[in-house]
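**Student:** I'd like to ask you about the structure that follows.
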There are 2 protein chains.
Amino acid sequence: MAEKFVSKRNLDFLLYEVQGVERLSSLPYFADHTRETYDLVVDTALKLARNLIYPYLREMDEKAPFLEDGQVKVHPIVKTMMKEWGEGGWISSSMPYEVGGQQLPVTMHMACNYVFGAANFPATGYPGLTTGAAHLILSFGANELAETYVPRMLGGEWQGTMALTEPQAGSSLSDITTGAVPTDQGYYKIRGQKIFISAGDHDGVENVVHMMLAKIKGAPPGVKGISLFLVPKKRLASDGTLEPNDVTVATVYHKLGYRGCPITQLSMGENDDCRGYLVGEAHKGLSYMFQMMNEARLGVGMQATAIGSAAYYASLEYARERPQGRRLSSKDPTLPQIPIVEHADVRRMLLFQRAVTEGSLSLILQCCMYTDLAKTDDAEQKERYGLLLDLLTPVAKTYPSENGIISVSQGLQILGGYGYCQEFPLEQYYRDIRIHPIHEGTTGIQALDLLGRKVVMKNGQAMRLYVEEVQATIQAAMPYEELQQCAERLKEALEKLQSVTMHRVQIALQGDVEKFLADATLYLELFGIIAIAWQWLVQGIAAQKGLETDCSDLDKRFYEGKLHTMRYFFHYEIPKTYGLAARLMESDGLTVDMSSAVFDD
Amino acid sequence: MAEKFVSKRNLDFLLYEVQGVERLSSLPYFADHTRETYDLVVDTALKLARNLIYPYLREMDEKAPFLEDGQVKVHPIVKTMMKEWGEGGWISSSMPYEVGGQQLPVTMHMACNYVFGAANFPATGYPGLTTGAAHLILSFGANELAETYVPRMLGGEWQGTMALTEPQAGSSLSDITTGAVPTDQGYYKIRGQKIFISAGDHDGVENVVHMMLAKIKGAPPGVKGISLFLVPKKRLASDGTLEPNDVTVATVYHKLGYRGCPITQLSMGENDDCRGYLVGEAHKGLSYMFQMMNEARLGVGMQATAIGSAAYYASLEYARERPQGRRLSSKDPTLPQIPIVEHADVRRMLLFQRAVTEGSLSLILQCCMYTDLAKTDDAEQKERYGLLLDLLTPVAKTYPSENGIISVSQGLQILGGYGYCQEFPLEQYYRDIRIHPIHEGTTGIQALDLLGRKVVMKNGQAMRLYVEEVQATIQAAMPYEELQQCAERLKEALEKLQSVTMHRVQIALQGDVEKFLADATLYLELFGIIAIAWQWLVQGIAAQKGLETDCSDLDKRFYEGKLHTMRYFFHYEIPKTYGLAARLMESDGLTVDMSSAVFDD
């Protein structure tokens with residue numbers, strides 16, 4: 001295992017020098033917090049990660065969950081971890097005081113999840129889903145539900161899940177068939193199947209609370225007939241004990257990676273005795289669930305970033321220690337070999353890893369800040385931050401996931417044959433990260449969300465606000481000579497993005513929705529590169545400001561490393577937008593106006 | 001498991017309609033063969049693949065090799081497979097009659113390896129390495145060595161390997177330290193360590209024959225002191241029995257994929273009793289080994305293509321059978337769901353998979369034809385084909401490997417959550433294919449070979465010949481209206497490649513070899529996309545010719561599918577060259593003129 005998996009210095013830079021998270025204290029919800037609180041929180045998270053979470057990375061992968069007598073068994077350390085995360089307040093840290101939370105900014109909560117994920121991504125499935133499920137109950141559930149379920153979830157005794165997907169529906173939620181029949185006892189009888197439910201059952205907790213989409217008998221077809229239910233694995237009997245709730249685990253999937261956390265197939269109501277409790281109003285379930293889905297999407301982006309971070313430090317460590325070959329300009333075989341970090345091609349791969357990881361982290365923390373800043377009472381500002389968050393969520397989910405895969409793959413490549421072997425962690429990171437473009441909505445679904453909904457919503461209002469943000473950054477960068485070239489490149493790229501957007505929207509206005517969205521995935525890719533470029537320029541400004549201070553030599557090297565990585569991004573990654581933009585300006589409908597018989601042979 | 005893993009129709013198209021492999025019969029070496037021989041060979045290979053090789057894909061992955069009492073144990077079916085491959089003449093098919101071969105074109109031999117690899121890539125490590133090792137002995141070894149070793153290798157009784165890499169040297173062969181001390185018995189005493197030796201030991205054969213690089217005591221430093229030895233696991237005693245040769249297996253690596261074939265670490269001469277037999281002259285070992293390495297590099301490209309092919313058909317089968325969602329233009333939830341192959345984004349991913357796979361196959365078969373055509377007596381033609389093969393080998397190794405990974409990843413993505421699970425084969429393909437940019441020279445090494453050696457050798461002669469080949473294809477395409485736009489795009493791309501090449505070579509001429517080669521990997525990527533575009537245009541011409549015949553409806557659909565995939569390539573893949581070319585026209589030395597302290601933080 002590598003020594004380092006995250007950089008505290010980089011996290012400090014992003015939290016304080018880039019985002020200035022302390023400014024949130026001007027909002028009443030965060031009024032109690034100072035830089036000291038935040039420092040303490042991150043330090044404690046780092047300690048917990050290093051001492052408890054990281055050491056089990058490999059072992060939890062090797063001892064994958066299994067199903068025995070209807071119960072999913074996981075590595076015994078999961079119970080200890082959940083207890084720590086619960087009792088230490090990590091699951092509830094961003095929640096209000098009145099439910100036992102600490103009212104920390106989501107930005108800080110997510111920064112800690114990043115630390116935990118870099119240590120051991122599969123382990124973070126347990127607390128992450130529990131936080132999201134508890135938040136959903138608090139937001140939309142009746143008080144009684146909240147009082148019964150939330151404290152034990154936040155305490156790490158009970159697991160939370162999100163249960164959406166069904167065998168016949170997959171990404172098409174309008175086709176779910178899990179049914180709910182009202183009773184006169186205040187609960188519904190649930191019957192159906194759910195697949196791909198992360199942490200859907202395990203023996204690290206005493207109960208599992210599913211936030212489940214289902215259709216009440218007689219509901220309208222499609223998404224307008226979807227309701228949200230709380231369906232526990234065990235329900236509370238009248239004497240306060242837990243009794244089975246007719247939720248059966250049909251399968252634990254055997255997976256490529258993410259093996260430390262079980263993904264399950266569940267069957268509800270096989271004995272007609274599964275009780276579900278309606279959350280909020282009937283038929284509004286999908287809109288409620290979007291709260292948890294959007295949080296989970298940011299969480300996916302963050303966990304992909306976290307894996308990428310661990311992979312980056314592991315390959316950097318290797319590259320610095322592994323001697324091999326000589327400079328191309330002096331191949332004398334009698335000279336000693338040099339560490340491979342001295343080879344240009346290895347540096348290029350390391351710079352790519354770093355640029356993707358730190359750029360992604362910067363974008364996700366930016367999104368978290370929008371979440372926190374939206375806790376203002378100023379209605380206009382609230383809407384502004386909400387719209388920016390809506391627009392950027394599919395990007396913050398997808399760029400880190402898709403590029404994280406390539407980044408980990410480059411990291412593996414740096415180790416050569418060793419990268420392919422289990423004695424180094426890269427092969428596990430490579431397997432683990434591959435789930436991220438799939439779960440919580442595939443990349444294709446995110447792309448339809450971005451171009452088909454977010455870009456065009458409110459007549460393009462979110463897009464206009466976003467362009468303003470990027471332009472403001474460009475303006476702020478211009479006074480710095482070191483940043484001018486990158487700022488110019490961002491300006492060009494942003495203008496190109498606007499042209500492409502106009503072109504695609506024109507196709508929509510002509511009524512051809514299939515063609516409008518045919519290359520939405522490429523549009524998302526283009527959008528993503530530019531968003532990360534923006535975040536690199538944001539970091540570049542902060543680094544320049546840092547250099548203007550009376551900083552230590554170490555800090556100076558850190559800031560110069562940031563500036564160099566920024567330049568890497570603008571010289572190697574921005575050019576990838578040229579081809580994407582060129583393709584997106586075409587509208588031949590190559591994948592639309594074709595018969596699937598093309599694939600016959 | 002998917003029903004289909006290769007397309008016989010596509011193989012026929014490439015072999016006969018594109019390459020016209022029958023024309024090789026005009027060369028004496030191939031004079032006995034006709035289309036009938038070739039058809040029979042491919043049909044038999046397909047049968048063998050379906051009945052014996054494909055069924056063990058998953059099982060060989062699950063029951064990975066292990067070391068027991070100094071012996072590597074593999075799945076018992078390996079013994080049966082090696083017997084079939086040996087006795088059926090598959091290992092020796094391209095070898096001369098006098099050693100029991102069939103004098104088949106390498107093109108046909110490789111086409112069969114493609115079929116076997118699509119069925120079960122890890123299984124092909126065994127015969128593939130044996131062919132290459134036997135060929136090396138035949139080319140450079142003394143008659144006595146050949147007579148002792150080659151027949152049993154070609155018969156599948158003895159395994160061949162290539163043993164280059166060492167712990168302290170990795171890709172830097174000039175730093176190998178395995179030593180050879182001459183004796184007066186005609187053999188050398190070998191002592192040293194080799195790592196990452198594929199099929200380096202196993203119980204599916206009775207002996208293993210290593211083609212090993214070592215340095216004779218007192219040899220010059222660097223690559224000029226490397227000799228080639230034949231080092232058997234067991235040597236022939238004077239009574240004709242086999243006795244141990246002091247070759248010990250130190251490790252069997254536990255790997256991400258390619259688990260059906262062991263990769264081993266070997267130790268020679270621990271008891272000072274390891275005998276090696278010099279192959280050819282002393283100190284010329286590396287140049288001999290390049291024969292096997294170059295064959296192996298084409299083999300790697302072919303096996304990456306084969307995995308990509310199997311993945312393509314598996315995801316196509318899924319996409320045709322899996323109903324989910326509705327057209328974007330008619331989202332009425334009461335309508336039935338449509339198969340996902342009807343969604344534009346899924347088609348885009350399938351077209352990418354097909355374009356990469358069939359484009360790669362086409363390029364590799366083109367290289368194989370150059371190998372076969374070089375068997376001419378015409379010295380000028382011989383040199384021409386030899387140079388084209390040299391130039392294109394790093395491309396034919398790398399494009400299929402790097403893009404094969406992305407292509408399999410897209411295939412996995414098409415299956416969504418199921419792609420991540422072991423009940424479908426995509427996750428294994430994803431693990432298996434990841435080795436290809438690593439073994440037989442990493443992508444970075446291939447890139448240095450292409451730009452640093454092949455492009456500039458003989459004053460750019462190979463590059464000139466290649467440009468002529470591509471230009472001839474463009475000319476041949478122009479008369480077809482359907483092909484004109486693609487031909488124009490290829491012309492532009494080729495011109496861009498020439499400009500980029502000139503620009504990079506200028507940097508070399510100014511003496512800055514580090515900067516010249518700093519982005520060699522991007523140059524290889526650019527070169528690769530254009531080479532595959534060329535092969536798609538070659539296929540487009542053949543498809544147009546096919547459409548001009550009185551063909552069946554099925555054939556018509558096949559040709560139209562080819563043309564559509566070609567258009568996909570020019571509209572989605574060629575644009576990727578824009579950014580690469582733009583970056584390669586810069587020469588800021590961003591990865592050269594930097595200190596590795598940039599990575600401090």
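Chain labels follow the order of the structure tokens: the first chain is A, the next B, and so on; residue numbering restarts at 1 in every chain, and ligands are counted from 1 in their shown order.
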With the cut-off set at 7 Å and counting only C-alpha atoms, tabulate each residue of chain B with an atom at most that distance from an atom of chain A, showing the nearest atom pair and its distance in Å to one decimal, ordered by chain and increasing number, as CSV.

**Tutor:**
residue,atom,partner,partner_atom,distance
B:Arg9,CA,A:Asp601,CA,6.5
B:Ala169,CA,A:Gln324,CA,6.2
B:Gly170,CA,A:Gln324,CA,6.9
B:Ser172,CA,A:Gly325,CA,5.1
B:Ser174,CA,A:Pro333,CA,6.5
B:Pro221,CA,A:Pro333,CA,6.3
B:Gly222,CA,A:Pro333,CA,5.0
B:Tyr253,CA,A:Cys421,CA,6.5
B:His254,CA,A:Gln422,CA,5.6
B:Lys255,CA,A:Cys421,CA,4.4
B:Leu256,CA,A:Tyr420,CA,5.6
B:Gln324,CA,A:Ala169,CA,6.2
B:Gly325,CA,A:Ser172,CA,5.2
B:Leu328,CA,A:Glu514,CA,5.9
B:Ser329,CA,A:Val513,CA,6.0
B:Pro333,CA,A:Gly222,CA,5.0
B:Thr334,CA,A:Pro221,CA,6.8
B:Val341,CA,A:Ser596,CA,6.9
B:Glu342,CA,A:Ser596,CA,6.9
B:Ala344,CA,A:Thr591,CA,5.1
B:Asp345,CA,A:Ala518,CA,6.3
B:Arg347,CA,A:Thr591,CA,6.1
B:Arg348,CA,A:Thr591,CA,6.1
B:Gln413,CA,A:Ile438,CA,6.9
B:Gly416,CA,A:Ile438,CA,5.8
B:Gly417,CA,A:Ile438,CA,6.4
B:Tyr420,CA,A:Leu256,CA,5.6
B:Cys421,CA,A:Lys255,CA,4.4
B:Gln422,CA,A:His254,CA,5.6
B:Glu427,CA,A:Leu256,CA,6.0
B:Ile435,CA,A:Tyr420,CA,6.8
B:Ile438,CA,A:Gly416,CA,5.8
B:Gly444,CA,A:Asp345,CA,6.8
B:Val513,CA,A:Ser329,CA,6.0
B:Glu514,CA,A:Leu328,CA,5.9
B:Ala518,CA,A:Ala344,CA,5.5
B:Asp519,CA,A:Asp345,CA,7.0
B:Arg557,CA,A:Val598,CA,6.5
B:Phe558,CA,A:Asp601,CA,5.1
B:Glu560,CA,A:Val598,CA,6.7
B:Gly561,CA,A:Val598,CA,4.2
B:His571,CA,A:Arg583,CA,6.7
B:Tyr572,CA,A:Arg583,CA,6.5
B:Pro575,CA,A:Gly579,CA,4.2
B:Lys576,CA,A:Gly579,CA,5.0
B:Tyr578,CA,A:Gly579,CA,5.6
B:Gly579,CA,A:Pro575,CA,4.2
B:Ala582,CA,A:Pro575,CA,6.8
B:Arg583,CA,A:Tyr572,CA,6.5
B:Thr591,CA,A:Ala344,CA,5.1
B:Val592,CA,A:Ala344,CA,5.6
B:Ser596,CA,A:Glu342,CA,6.9
B:Ala597,CA,A:Arg557,CA,7.0
B:Val598,CA,A:Gly561,CA,4.2
B:Phe599,CA,A:Gly561,CA,6.2
B:Asp600,CA,A:Phe558,CA,6.4
B:Asp601,CA,A:Phe558,CA,5.1

**Student:** If you run DSSP on the backbone, which residues of range 274-380 of chain A are strand (DSSP E or B), as a PyMOL selection string?

**Tutor:** chain A and resi 275-279+323+339

**Student:** Store the residues of this selection in a file with all heavy atoms, as a compact mmCIF listing (two decimals), in the first residue's frame.

**Tutor:**
# COMPACT_ATOMS: atom_id res chain seq x y z
N ARG A 275 -44.50 -4.26 4.78
CA ARG A 275 -45.15 -2.97 5.04
C ARG A 275 -44.26 -1.81 4.60
O ARG A 275 -43.07 -1.79 4.92
CB ARG A 275 -45.45 -2.82 6.53
CG ARG A 275 -46.40 -3.88 7.02
CD ARG A 275 -46.73 -3.68 8.48
NE ARG A 275 -47.47 -4.84 8.95
CZ ARG A 275 -47.82 -5.06 10.21
NH1 ARG A 275 -47.48 -4.16 11.14
NH2 ARG A 275 -48.50 -6.13 10.55
N GLY A 276 -44.89 -0.88 3.90
CA GLY A 276 -44.18 0.33 3.51
C GLY A 276 -44.91 1.55 4.04
O GLY A 276 -46.14 1.54 4.15
N TYR A 277 -44.16 2.58 4.37
CA TYR A 277 -44.75 3.80 4.92
C TYR A 277 -44.54 4.93 3.94
O TYR A 277 -43.40 5.23 3.55
CB TYR A 277 -44.10 4.11 6.28
CG TYR A 277 -44.15 2.89 7.19
CD1 TYR A 277 -43.09 2.00 7.24
CD2 TYR A 277 -45.30 2.62 7.93
CE1 TYR A 277 -43.15 0.85 8.03
CE2 TYR A 277 -45.37 1.48 8.72
CZ TYR A 277 -44.29 0.60 8.77
OH TYR A 277 -44.37 -0.54 9.54
N LEU A 278 -45.65 5.52 3.52
CA LEU A 278 -45.60 6.58 2.52
C LEU A 278 -44.80 7.77 3.04
O LEU A 278 -45.00 8.22 4.17
CB LEU A 278 -47.03 7.03 2.16
CG LEU A 278 -47.15 8.07 1.05
CD1 LEU A 278 -46.71 7.49 -0.31
CD2 LEU A 278 -48.59 8.58 0.96
N VAL A 279 -43.88 8.26 2.20
CA VAL A 279 -43.11 9.46 2.55
C VAL A 279 -43.66 10.61 1.72
O VAL A 279 -43.70 10.53 0.49
CB VAL A 279 -41.61 9.25 2.26
CG1 VAL A 279 -40.82 10.53 2.52
CG2 VAL A 279 -41.05 8.10 3.11
N PRO A 323 13.85 3.08 -10.40
CA PRO A 323 14.83 3.50 -11.41
C PRO A 323 14.64 2.67 -12.68
O PRO A 323 14.43 1.46 -12.61
CB PRO A 323 16.18 3.18 -10.76
CG PRO A 323 15.87 2.24 -9.63
CD PRO A 323 14.40 2.10 -9.47
N PRO A 339 15.14 7.58 -11.89
CA PRO A 339 13.76 7.25 -11.51
C PRO A 339 12.82 7.61 -12.66
O PRO A 339 13.05 8.61 -13.36
CB PRO A 339 13.47 8.16 -10.30
CG PRO A 339 14.76 8.77 -9.92
CD PRO A 339 15.70 8.68 -11.07

**Student:** Enumerate, as a list in words, the complete set of residues in range 39-103 of chain B that a backbone-based DSSP assignment places in alpha helix (DSSP H).

**Tutor:**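 Selecting the alpha helix (DSSP H) positions of range 39-103 of chain B gives Asp39, Leu40, Val41, Val42, Asp43, Thr44, Ala45, Leu46, Lys47, Leu48, Leu57, Arg58, Glu59, Met60, Asp61, Glu62, Ile77, Val78, Lys79, Thr80, Met81, Met82, Lys83, Glu84, Trp85, Gly86 and Glu87 of chain B.
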
**Student:** Would you kindly return, as a CSV table (one decimal) with N, CA, C and O atoms, in the first residue's frame, each protein, DNA or RNA residue with an atom no farther than 12 Å from any atom of Glu157 in chain A, considering only C-alpha atoms and excluding same-chain residues fewer than 2 positions away?

**Tutor:**
chain,number,residue,atom,x,y,z
A,78,VAL,N,-16.8,-3.9,9.1
A,78,VAL,CA,-17.9,-2.9,8.7
A,78,VAL,C,-18.7,-2.5,9.9
A,78,VAL,O,-19.1,-1.3,10.0
A,79,LYS,N,-18.9,-3.4,10.8
A,79,LYS,CA,-19.7,-3.1,12.0
A,79,LYS,C,-18.9,-2.0,12.8
A,79,LYS,O,-19.5,-1.0,13.3
A,80,THR,N,-17.6,-2.2,13.0
A,80,THR,CA,-16.8,-1.2,13.7
A,80,THR,C,-16.8,0.1,13.0
A,80,THR,O,-17.0,1.2,13.6
A,81,MET,N,-16.7,0.1,11.7
A,81,MET,CA,-16.7,1.3,10.9
A,81,MET,C,-18.0,2.1,11.1
A,81,MET,O,-18.0,3.3,11.3
A,82,MET,N,-19.1,1.3,10.9
A,82,MET,CA,-20.4,2.0,11.0
A,82,MET,C,-20.6,2.6,12.4
A,82,MET,O,-21.2,3.7,12.6
A,83,LYS,N,-20.1,1.9,13.4
A,83,LYS,CA,-20.2,2.4,14.8
A,83,LYS,C,-19.4,3.7,14.9
A,83,LYS,O,-19.9,4.7,15.4
A,84,GLU,N,-18.2,3.7,14.4
A,84,GLU,CA,-17.3,4.9,14.4
A,84,GLU,C,-18.0,6.1,13.7
A,84,GLU,O,-18.0,7.2,14.1
A,85,TRP,N,-18.5,5.8,12.5
A,85,TRP,CA,-19.0,6.8,11.6
A,85,TRP,C,-20.3,7.4,12.3
A,85,TRP,O,-20.6,8.6,12.2
A,86,GLY,N,-21.1,6.5,12.9
A,86,GLY,CA,-22.3,6.9,13.6
A,86,GLY,C,-22.0,7.7,14.9
A,86,GLY,O,-22.4,8.9,15.0
A,87,GLU,N,-21.3,7.1,15.8
A,87,GLU,CA,-21.0,7.7,17.1
A,87,GLU,C,-20.2,9.0,16.9
A,87,GLU,O,-20.3,9.9,17.7
A,91,ILE,N,-21.9,10.6,9.9
A,91,ILE,CA,-23.1,10.4,9.1
A,91,ILE,C,-24.0,11.6,9.1
A,91,ILE,O,-24.6,12.0,8.1
A,126,TYR,N,-21.6,2.5,2.8
A,126,TYR,CA,-22.5,2.3,3.9
A,126,TYR,C,-22.9,3.7,4.5
A,126,TYR,O,-24.1,3.9,4.6
A,127,PRO,N,-22.0,4.5,5.0
A,127,PRO,CA,-22.4,5.8,5.6
A,127,PRO,C,-23.1,6.8,4.6
A,127,PRO,O,-24.0,7.5,4.9
A,130,THR,N,-26.6,6.1,4.0
A,130,THR,CA,-27.4,6.3,5.2
A,130,THR,C,-27.6,7.8,5.4
A,130,THR,O,-28.8,8.2,5.7
A,149,TYR,N,-37.0,6.4,12.7
A,149,TYR,CA,-35.9,5.8,11.9
A,149,TYR,C,-34.6,6.7,12.0
A,149,TYR,O,-33.5,6.1,12.0
A,150,VAL,N,-34.7,8.0,11.9
A,150,VAL,CA,-33.5,8.8,11.6
A,150,VAL,C,-32.4,8.7,12.7
A,150,VAL,O,-31.3,8.5,12.4
A,151,PRO,N,-32.8,8.7,14.0
A,151,PRO,CA,-31.7,8.6,15.0
A,151,PRO,C,-30.9,7.4,14.9
A,151,PRO,O,-29.6,7.4,15.0
A,152,ARG,N,-31.5,6.3,14.7
A,152,ARG,CA,-30.7,5.0,14.6
A,152,ARG,C,-29.9,4.9,13.3
A,152,ARG,O,-28.9,4.3,13.2
A,153,MET,N,-30.4,5.6,12.2
A,153,MET,CA,-29.6,5.7,11.0
A,153,MET,C,-28.4,6.6,11.2
A,153,MET,O,-27.2,6.2,10.9
A,154,LEU,N,-28.6,7.7,11.8
A,154,LEU,CA,-27.5,8.7,12.0
A,154,LEU,C,-26.5,8.1,13.0
A,154,LEU,O,-25.3,8.4,12.9
A,155,GLY,N,-27.0,7.2,13.9
A,155,GLY,CA,-26.1,6.6,14.8
A,155,GLY,C,-25.3,5.4,14.3
A,155,GLY,O,-24.5,4.8,15.0
A,159,GLN,N,-28.8,0.9,8.6
A,159,GLN,CA,-28.3,1.2,7.2
A,159,GLN,C,-29.5,1.9,6.4
A,159,GLN,O,-30.6,1.4,6.5
A,160,GLY,N,-29.2,2.9,5.6
A,160,GLY,CA,-30.1,3.5,4.7
A,160,GLY,C,-29.8,3.1,3.3
A,160,GLY,O,-28.6,2.9,3.0
A,202,HIS,N,-27.0,-6.2,5.1
A,202,HIS,CA,-25.7,-6.7,5.6
A,202,HIS,C,-25.7,-6.8,7.2
A,202,HIS,O,-26.6,-6.2,7.8
A,203,ASP,N,-24.8,-7.6,7.7
A,203,ASP,CA,-24.8,-7.9,9.1
A,203,ASP,C,-23.9,-6.9,9.9
A,203,ASP,O,-23.6,-7.2,11.1
A,204,GLY,N,-23.5,-5.8,9.3
A,204,GLY,CA,-22.8,-4.8,10.0
A,204,GLY,C,-23.7,-3.8,10.8
A,204,GLY,O,-23.3,-3.0,11.5
A,205,VAL,N,-25.0,-4.0,10.5
A,205,VAL,CA,-26.0,-3.2,11.2
A,205,VAL,C,-27.2,-4.1,11.6
A,205,VAL,O,-27.3,-5.2,11.1
A,206,GLU,N,-28.0,-3.6,12.5
A,206,GLU,CA,-29.1,-4.4,12.9
A,206,GLU,C,-30.4,-4.3,12.1
A,206,GLU,O,-31.3,-5.1,12.2
A,207,ASN,N,-30.4,-3.2,11.2
A,207,ASN,CA,-31.6,-3.1,10.4
A,207,ASN,C,-31.2,-2.3,9.1
A,207,ASN,O,-30.2,-1.6,9.1
A,208,VAL,N,-32.1,-2.4,8.1
A,208,VAL,CA,-31.8,-1.7,6.9
A,208,VAL,C,-33.1,-1.0,6.5
A,208,VAL,O,-34.2,-1.6,6.5
A,209,VAL,N,-33.0,0.3,6.1
A,209,VAL,CA,-34.1,1.1,5.8
A,209,VAL,C,-34.1,1.5,4.4
A,209,VAL,O,-33.2,2.3,4.0

**Student:** Can you tell me, as a ChimeraX atom specification, what residues are no more than 9 Å from range 477-481 of chain B when counting only C-alpha atoms, ignoring any on the same chain fewer than 5 positions away?

**Tutor:** /B:472,486-488,537-538,540-541,544

**Student:** Using all heavy atoms, can you export the residues from the last selection as a short mmCIF file (atom, residue, chain, number, x, y, z; two decimals), in the first residue's frame?

**Tutor:**
data_model
loop_
_atom_site.label_atom_id
_atom_site.label_comp_id
_atom_site.auth_asym_id
_atom_site.auth_seq_id
_atom_site.Cartn_x
_atom_site.Cartn_y
_atom_site.Cartn_z
N ALA B 472 -2.71 6.20 -52.37
CA ALA B 472 -3.27 5.31 -53.40
C ALA B 472 -4.70 4.92 -53.04
O ALA B 472 -5.58 4.86 -53.92
CB ALA B 472 -2.39 4.07 -53.54
N CYS B 486 -15.38 10.95 -47.13
CA CYS B 486 -14.42 10.29 -46.24
C CYS B 486 -13.01 10.37 -46.81
O CYS B 486 -12.04 10.59 -46.07
CB CYS B 486 -14.83 8.84 -46.01
SG CYS B 486 -16.39 8.69 -45.10
N ALA B 487 -12.89 10.19 -48.12
CA ALA B 487 -11.58 10.27 -48.77
C ALA B 487 -10.97 11.67 -48.56
O ALA B 487 -9.78 11.81 -48.27
CB ALA B 487 -11.68 9.92 -50.24
N GLU B 488 -11.81 12.69 -48.69
CA GLU B 488 -11.34 14.07 -48.45
C GLU B 488 -10.85 14.23 -47.02
O GLU B 488 -9.82 14.86 -46.76
CB GLU B 488 -12.48 15.07 -48.68
CG GLU B 488 -12.88 15.28 -50.14
CD GLU B 488 -11.81 16.02 -50.94
OE1 GLU B 488 -10.84 16.52 -50.33
OE2 GLU B 488 -11.94 16.09 -52.18
N LEU B 537 -11.31 3.23 -45.12
CA LEU B 537 -11.55 3.61 -46.52
C LEU B 537 -11.26 2.42 -47.44
O LEU B 537 -11.99 2.18 -48.41
CB LEU B 537 -10.70 4.83 -46.90
CG LEU B 537 -11.12 5.54 -48.19
CD1 LEU B 537 -12.58 6.03 -48.11
CD2 LEU B 537 -10.20 6.71 -48.51
N VAL B 538 -10.22 1.67 -47.12
CA VAL B 538 -9.93 0.43 -47.86
C VAL B 538 -11.16 -0.49 -47.84
O VAL B 538 -11.58 -1.04 -48.86
CB VAL B 538 -8.69 -0.29 -47.26
CG1 VAL B 538 -8.57 -1.70 -47.79
CG2 VAL B 538 -7.41 0.50 -47.54
N GLY B 540 -14.21 0.47 -47.25
CA GLY B 540 -15.30 1.14 -47.96
C GLY B 540 -15.25 0.84 -49.45
O GLY B 540 -16.29 0.59 -50.09
N ILE B 541 -14.06 0.85 -50.01
CA ILE B 541 -13.90 0.54 -51.44
C ILE B 541 -14.36 -0.89 -51.72
O ILE B 541 -15.13 -1.14 -52.66
CB ILE B 541 -12.43 0.74 -51.87
CG1 ILE B 541 -12.03 2.22 -51.76
CG2 ILE B 541 -12.22 0.24 -53.31
CD1 ILE B 541 -10.52 2.49 -51.90
N GLN B 544 -18.10 -1.06 -51.59
CA GLN B 544 -18.71 -0.51 -52.81
C GLN B 544 -18.62 -1.51 -53.95
O GLN B 544 -19.57 -1.68 -54.71
CB GLN B 544 -17.99 0.79 -53.22
CG GLN B 544 -18.34 1.99 -52.38
CD GLN B 544 -19.77 2.47 -52.56
OE1 GLN B 544 -20.46 2.07 -53.49
NE2 GLN B 544 -20.24 3.31 -51.66
#
